[in-house]
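Scroll down for the structure; my scribbles are underneath it.
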Amino acid sequence: MIETLADKKIVIAGAGVTGLMMALRIKQLDPNAEVIIFDKADRPGGMYQSIEYPNGRIFDYGMHLIYESCNPVVDDLYREVMDEQDWHIHEKNEKDIAGLFYRDRLQDYSHYVDLRSFTEGEKKKFLGDFMLNLENKRVDVSRSGWQALQSQFGREIVDSVHRPLIQALYGMSIEDADQFVIKATALDRIVLFNPDTMLDLMKSDKIRSRLAFADQLNLPPYRTNNQKALYPKRFGMKHFIDRLVKALRERGVEILTNIAGVSLHSSGDRVDSINIKERNGNSKEVAVRTLFWSIGWPSLAYALGIDMSGIGKTGGTKVVFANLVFNKPPEMGKLYYFYCYDPNFATFRVTHYANYCPAAAVDGFPVCVELWPSRLGMHPTQLSDEQCLALAIDELRCMGIITDSHMLKFSAIENKGAEFPLPSIINVKGIEEIKNRIHCKRMRNIEVTGIMAEEDLFFIPDILNHAFSVIEKTFTSETNYE
Ligand SMILES: Cc1cc2nc3c(=O)[nH]c(=O)nc-3n(C[C@H](O)[C@H](O)[C@H](O)COP(=O)(O)OP(=O)(O)OC[C@H]3O[C@@H](n4cnc5c(N)ncnc54)[C@H](O)[C@@H]3O)c2cc1C
């Protein structure tokens with residue numbers, strides 16, 4: 001029997017926000033399309049799912065707000081899934097209240113590194129070099145993070161500030177960092193001046209793109225877009241994911257979870273079918289119209305049986321989530337979260353949920369500490385849950401975020417191998433090489449999107465803009481409908 005287009009399904013690999021939102025967009029464009037999503041996890045949602053504990057406590061995987069894409073096609077879908085009144089909508093200076101623990105001090109006014117506490121001599125050197133560098137043309141010779149940072153701030157600042165910072169965070173030398181380090185770690189600006197001086201300096205685009213305003217809640221309204229951040233009124237990003245999944249099921253989208261693996265069957269330049277193996281031993285053969293892959297190039301190469309020899313490491317930094325509830329709020333003012341860049345800490349980020357979702361404060365104040373044990377030279381598997389908990393509490397005390405009067409009401413450790421991408425040249429080049437090998441196969445009905453599908457693709461607004469443009473391209477191209 002000859003299969004027609006109507007028999008074939010649109011298959012989406014990965015049921016994270018990317019895969020789920022893609023399915024919704026596809027059904028919007030073609031309500032008759034048959035869509036099937038598969039995921040290895042036991043629940044859809046990926047990093048935007050929440051963890052639910054038996055006692056009813058809920059935590060997200062650290063800080064996960066939804067930042068709008070500034071593309072109505074994407075942003076209207078959020079409102080279609082969940083009514084406006086069910087979202088907290090944070091905007092203007094309250095969109096993202098973020099801080100930084102740096103040089104032994106919590107900056108509650110900016111999450112950009114503040115150089116004002118360096119000595120007068122150091123600051124003079126920084127400023128002279130920074131100003132001279134402003135006149136230089138920015139040369140983008142390679143993907144080198146080191147060169148990109150130097151063209152942004154000058155060598156004096158980069159060697160004194162960014163070099164030790166990148167070493168402490170990622171355990172790699174700055175020469176090994178890809179430009180992606182700037183985006184992944186919010187290193188695109190620094191604080192050099194007090195807010196009143198900055199008010200004048202910010203008239204220059206060159207300055208404003210390099211220097212941060214050290215009073216985020218009183219930042220003048222200079223933004224060119226009106227991007228908002230969304231979070232469900234009820235605590236837990238799961239409430240959005242649940243609605244999204246419900247909307248998809250109502251439209252006939254099939255979501256398969258607990259997938260053990262897949263194999264692709266192709267003829268010529270097309271994937272004809274995919275065999276999806278469930279963990280319970282069942283498997284399903286699906287005829288493929290288009291395969292949208294949102295789970296990274298390496299797993300696609302694996303599914304296509306591509307030789308991966310000679311490819312550098314493409315892994316990331318392992319993250320442990322310490323989920324804690326205290327009897328009183330942590331001492332971090334209005335901050336939604338802050339990063340920690342000081343050496344000798346395993347903490348990467350601390351999130352205070354009740355600051356952006358007041359409903360989180362039920363019988364205590366939930367706080368998530370994202371630990372990167374590799375910063376202390378350890379692998380998460382070397383640490384017991386008790387050790388992770390002790391580390392998180394000890395570091396919060398050390399940073400002054402909790403005091404002796406903070407009582408722990410609940411704790412749980414999530415140490416299940418979550419990874420933050422390592423922004424190294426070798427990693428990014430490795431992914432590029434995998435991508436090239438896949439492109440050599442010239443498969444016409446596979447489209448790749450999601451984290452690291454393209455350079456610097458990591459945060460959800462960029463990913464969804466990319467994913468939706470991939471769908472647009474696919475739907476307007478006749479070739480995929482033959
Ligand atoms: C530690 C960490 C912290 C982050 N912090 C922020 C932040 O503060 N702000 C922000 O905007 N973004 C943050 N991000 C990025 C954000 O999580 C991503 O932009 C977003 O999750 C991307 O959605 P996704 O669906 O593409 O990927 P994911 O959420 O990662 O979902 C991918 C899905 O694919 C599934 N999957 C993976 N491999 C396979 C496989 N081989 N077979 C089948 N299924 C598979 C997974 O189970 C998962 O459900 C963070 C990411 C990490 C890792």
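Letters A, B, ... go to the chains of the structure tokens in the order shown; residues in each chain start at 1; ligands are counted from 1 in the same order.
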- request: Would you kindly return, as a ChimeraX atom specification, each protein, DNA or RNA residue with an atom no farther than 8 Å from any atom of segment 285-289 of chain A, considering only C-alpha atoms and excluding same-chain residues fewer than 3 positions away?
  value: /A:5,7-11,271-276,445,480-481
Just the selected residues (N, CA and C atoms), exported as a short mmCIF file (atom, residue, chain, number, x, y, z; two decimals), in the first residue's frame, please.
```
data_model
loop_
_atom_site.label_atom_id
_atom_site.label_comp_id
_atom_site.auth_asym_id
_atom_site.auth_seq_id
_atom_site.Cartn_x
_atom_site.Cartn_y
_atom_site.Cartn_z
N LEU A 5 0.39 11.43 2.24
CA LEU A 5 0.78 12.41 3.25
C LEU A 5 -0.11 12.30 4.49
N ASP A 7 -1.32 9.76 5.86
CA ASP A 7 -0.96 8.66 6.77
C ASP A 7 0.27 9.01 7.59
N LYS A 8 1.00 9.99 7.13
CA LYS A 8 2.29 10.27 7.78
C LYS A 8 2.10 11.28 8.90
N LYS A 9 2.98 11.15 9.89
CA LYS A 9 2.84 12.03 11.06
C LYS A 9 4.00 13.01 11.14
N ILE A 10 3.68 14.11 11.79
CA ILE A 10 4.76 15.02 12.16
C ILE A 10 5.25 14.53 13.51
N VAL A 11 6.53 14.21 13.57
CA VAL A 11 7.08 13.66 14.80
C VAL A 11 7.99 14.71 15.44
N VAL A 271 13.67 10.60 5.92
CA VAL A 271 13.37 9.61 6.96
C VAL A 271 11.97 9.11 6.63
N ASP A 272 11.85 7.82 6.43
CA ASP A 272 10.53 7.26 6.10
C ASP A 272 9.72 6.97 7.35
N SER A 273 10.43 6.38 8.34
CA SER A 273 9.70 6.02 9.56
C SER A 273 10.63 6.06 10.76
N ILE A 274 9.99 6.10 11.91
CA ILE A 274 10.76 6.10 13.15
C ILE A 274 10.18 5.00 14.04
N ASN A 275 11.08 4.24 14.64
CA ASN A 275 10.63 3.22 15.58
C ASN A 275 10.89 3.74 16.99
N ILE A 276 9.81 3.88 17.75
CA ILE A 276 9.91 4.48 19.09
C ILE A 276 9.74 3.37 20.12
N ASN A 445 13.67 15.89 5.35
CA ASN A 445 12.52 16.07 6.25
C ASN A 445 12.88 15.99 7.73
N ASN A 480 8.52 19.35 1.55
CA ASN A 480 8.17 18.42 2.62
C ASN A 480 6.77 17.85 2.48
N TYR A 481 6.06 18.33 1.51
CA TYR A 481 4.69 17.84 1.33
C TYR A 481 4.54 16.90 0.15
#
```
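Of the residues in segment 141-276 of chain A, those that DSSP places in strand (DSSP E) on the basis of the backbone are Ile190, Val191, Ala229, Leu230, Tyr231, Pro232, Glu254, Ile255, Leu256, Ile259, Ala260, Gly261, Val262, Ser263, Leu264, His265, Ser266, Ser267, Arg270, Val271, Asp272, Ser273, Ile274, Asn275 and Ile276 of chain A.
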Test item: residues no farther than 6 Å from ligand 1, counting only C-alpha atoms and all ligand atoms, as a VMD selection string: chain A and resid 14 to 19 39 to 41 44 to 48 63 to 64 294 to 295 299 419 to 420 450 to 451 458 to 460
Please save C-alpha atoms of the selected residues as a PDB file, in the first residue's frame.
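Output file result-v4.pdb follows:
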```pdb
ATOM      1  CA  GLY A  14      11.522  16.105  22.970  1.00  0.00           C
ATOM      2  CA  ALA A  15       8.519  17.203  25.032  1.00  0.00           C
ATOM      3  CA  GLY A  16      10.196  20.184  26.682  1.00  0.00           C
ATOM      4  CA  VAL A  17       8.677  23.637  26.213  1.00  0.00           C
ATOM      5  CA  THR A  18      10.188  23.752  22.722  1.00  0.00           C
ATOM      6  CA  GLY A  19       8.607  20.494  21.543  1.00  0.00           C
ATOM      7  CA  ASP A  39      10.346  12.058  25.387  1.00  0.00           C
ATOM      8  CA  LYS A  40      12.622   9.906  27.501  1.00  0.00           C
ATOM      9  CA  ALA A  41      11.376  11.440  30.770  1.00  0.00           C
ATOM     10  CA  PRO A  44       6.567  16.239  29.571  1.00  0.00           C
ATOM     11  CA  GLY A  45       7.953  19.724  30.281  1.00  0.00           C
ATOM     12  CA  GLY A  46      11.732  19.279  30.384  1.00  0.00           C
ATOM     13  CA  MET A  47      13.464  21.948  32.449  1.00  0.00           C
ATOM     14  CA  TYR A  48      10.155  23.819  32.734  1.00  0.00           C
ATOM     15  CA  MET A  63      14.804  29.926  38.257  1.00  0.00           C
ATOM     16  CA  HIS A  64      12.560  29.471  35.250  1.00  0.00           C
ATOM     17  CA  SER A 294      14.511  19.515  19.716  1.00  0.00           C
ATOM     18  CA  ILE A 295      16.934  17.377  21.726  1.00  0.00           C
ATOM     19  CA  SER A 299      21.394  12.454  19.843  1.00  0.00           C
ATOM     20  CA  GLU A 419      23.553  19.713  32.879  1.00  0.00           C
ATOM     21  CA  PHE A 420      24.352  23.316  32.100  1.00  0.00           C
ATOM     22  CA  GLY A 450      16.268  23.640  20.617  1.00  0.00           C
ATOM     23  CA  ILE A 451      19.253  24.196  22.894  1.00  0.00           C
ATOM     24  CA  PHE A 458      19.959  28.541  24.931  1.00  0.00           C
ATOM     25  CA  PHE A 459      17.252  30.760  26.410  1.00  0.00           C
ATOM     26  CA  ILE A 460      13.618  30.084  25.628  1.00  0.00           C
TER      27      ILE A 460
END
```
Interatomic distance (Å, one decimal) between atom CA of Gly400 of chain A and atom CA of Asp188 of chain A: 27.0 Å
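If you count only C-alpha atoms and ignore residues fewer than 4 places along the chain from Asp242 of chain A, what sits within 9 Å of it is Pro44, Gly45, Gln49, Met237, Lys238, Lys246 and Ala247 of chain A.
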Output file for the selection above: N, CA and C atoms, as a PDB file, in the first residue's frame:
```pdb
ATOM      1  N   PRO A  44       6.132  15.185  30.489  1.00  0.00           N
ATOM      2  CA  PRO A  44       6.567  16.239  29.571  1.00  0.00           C
ATOM      3  C   PRO A  44       6.940  17.513  30.328  1.00  0.00           C
ATOM      4  N   GLY A  45       7.651  18.421  29.667  1.00  0.00           N
ATOM      5  CA  GLY A  45       7.953  19.724  30.281  1.00  0.00           C
ATOM      6  C   GLY A  45       9.434  20.052  30.337  1.00  0.00           C
ATOM      7  N   GLN A  49       9.366  21.752  33.744  1.00  0.00           N
ATOM      8  CA  GLN A  49       8.469  20.956  34.579  1.00  0.00           C
ATOM      9  C   GLN A  49       8.780  21.325  36.039  1.00  0.00           C
ATOM     10  N   MET A 237       5.911  26.013  37.716  1.00  0.00           N
ATOM     11  CA  MET A 237       5.780  26.168  36.266  1.00  0.00           C
ATOM     12  C   MET A 237       4.972  25.016  35.680  1.00  0.00           C
ATOM     13  N   LYS A 238       4.816  23.949  36.469  1.00  0.00           N
ATOM     14  CA  LYS A 238       4.013  22.807  36.017  1.00  0.00           C
ATOM     15  C   LYS A 238       2.591  23.228  35.653  1.00  0.00           C
ATOM     16  N   LYS A 246      -2.675  19.723  28.175  1.00  0.00           N
ATOM     17  CA  LYS A 246      -4.130  19.539  28.016  1.00  0.00           C
ATOM     18  C   LYS A 246      -4.568  20.104  26.655  1.00  0.00           C
ATOM     19  N   ALA A 247      -4.067  21.298  26.327  1.00  0.00           N
ATOM     20  CA  ALA A 247      -4.446  21.917  25.046  1.00  0.00           C
ATOM     21  C   ALA A 247      -4.021  21.032  23.878  1.00  0.00           C
TER      22      ALA A 247
END
```
- request: Would you mind reading off the distance between atom CA of Asp83 of chain A and atom CA of Leu230 of chain A, one decimal, in Å?
  value: 11.5 Å
message: Show me, as a PyMOL selection string, the residues that have an atom within 12 Å of Leu383 of chain A when counting only C-alpha atoms, minus same-chain residues fewer than 4 positions from it.
response: chain A and resi 320+371-374+376-379+387-391+413-415
task: Check segment 295-466 of chain A with DSSP on the backbone and list each residue it calls alpha helix (DSSP H), as a ChimeraX atom specification.
output: /A:297-303,385-398,425-440,460-466
message: For Ala467 of chain A, find every residue with an atom within 9 Å (counting only C-alpha atoms), except residues of its own chain fewer than 3 positions away, and show them as a PyMOL selection string.
response: chain A and resi 18-19+21-22+294+448-450+462-464+470-472
- request: Select, from A:Asp307, A:Glu254, A:Glu447, A:Glu80, the residue with the minimum atom-to-atom distance to Phe292 of chain A, counting only C-alpha atoms.
  value: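 Distance minimum relative to Phe292 of chain A lands on A:Glu447.
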message: What's around Phe235 of chain A at 12 Å? Count only C-alpha atoms, leave out sequence neighbours fewer than 6 positions away in its own chain, and write the answer as a PyMOL selection string.
response: chain A and resi 49-52+56-60+64-65+86-88+353-362+365-366
Might you pull out every residue within 10 Å of Ala168 of chain A, with only C-alpha atoms counted and same-chain residues fewer than 6 positions away left off, and present them as a short mmCIF file (atom, residue, chain, number, x, y, z; two decimals) with C-alpha atoms, in the first residue's frame?
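The result, written out as part.cif:
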```
data_model
loop_
_atom_site.label_atom_id
_atom_site.label_comp_id
_atom_site.auth_asym_id
_atom_site.auth_seq_id
_atom_site.Cartn_x
_atom_site.Cartn_y
_atom_site.Cartn_z
CA HIS A 162 36.83 37.66 33.53
CA TYR A 341 30.78 34.03 40.80
CA ASP A 342 33.16 33.97 43.76
CA PRO A 343 35.75 31.20 43.83
CA ASN A 344 35.51 28.55 46.56
CA PHE A 345 31.72 28.32 46.24
CA ALA A 346 29.81 25.50 44.59
CA SER A 374 32.73 20.72 39.76
CA ARG A 375 33.59 24.23 40.98
CA LEU A 376 35.05 22.56 44.10
#
```
query: What does the distance between atom CA of Gly62 of chain A and atom CA of Thr347 of chain A come to in Å, to one decimal place?
result: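 That distance, rounded to one decimal, is 11.9 Å.
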message: Let me make sure I understand: among A:Ile401, A:Ala186, A:Ala214, A:Val181, which one has the smallest atom-to-atom distance to Val428 of chain A if we use only C-alpha atoms?
response: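 Ranked by minimum distance to Val428 of chain A, first place goes to A:Val181.
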message: Could you check the closest approach to Asn218 of chain A for each of A:Lys92, A:Lys416, A:His466, A:Arg444 and tell me which residue wins, using only C-alpha atoms?
response: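 Residue with the minimum atom-to-atom distance to Asn218 of chain A: A:Lys92.
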Quick one: contact table of segment 52-159 of chain A to segment 224-228 of chain A, 9 Å max, nearest atom pair and distance in Å to one decimal per residue, counting only C-alpha atoms, chain and number order, as JSON lines?
```
{"residue": "A:Ile66", "atom": "CA", "partner": "A:Lys228", "partner_atom": "CA", "distance": 8.4}
{"residue": "A:Tyr67", "atom": "CA", "partner": "A:Lys228", "partner_atom": "CA", "distance": 6.0}
{"residue": "A:Glu68", "atom": "CA", "partner": "A:Lys228", "partner_atom": "CA", "distance": 5.7}
{"residue": "A:Ser69", "atom": "CA", "partner": "A:Gln227", "partner_atom": "CA", "distance": 7.3}
{"residue": "A:Cys70", "atom": "CA", "partner": "A:Gln227", "partner_atom": "CA", "distance": 6.0}
{"residue": "A:Ile89", "atom": "CA", "partner": "A:Lys228", "partner_atom": "CA", "distance": 6.5}
{"residue": "A:His90", "atom": "CA", "partner": "A:Lys228", "partner_atom": "CA", "distance": 5.7}
{"residue": "A:Glu91", "atom": "CA", "partner": "A:Lys228", "partner_atom": "CA", "distance": 4.7}
{"residue": "A:Lys92", "atom": "CA", "partner": "A:Asn226", "partner_atom": "CA", "distance": 7.2}
{"residue": "A:Lys95", "atom": "CA", "partner": "A:Lys228", "partner_atom": "CA", "distance": 5.9}
{"residue": "A:Asp96", "atom": "CA", "partner": "A:Lys228", "partner_atom": "CA", "distance": 8.9}
```
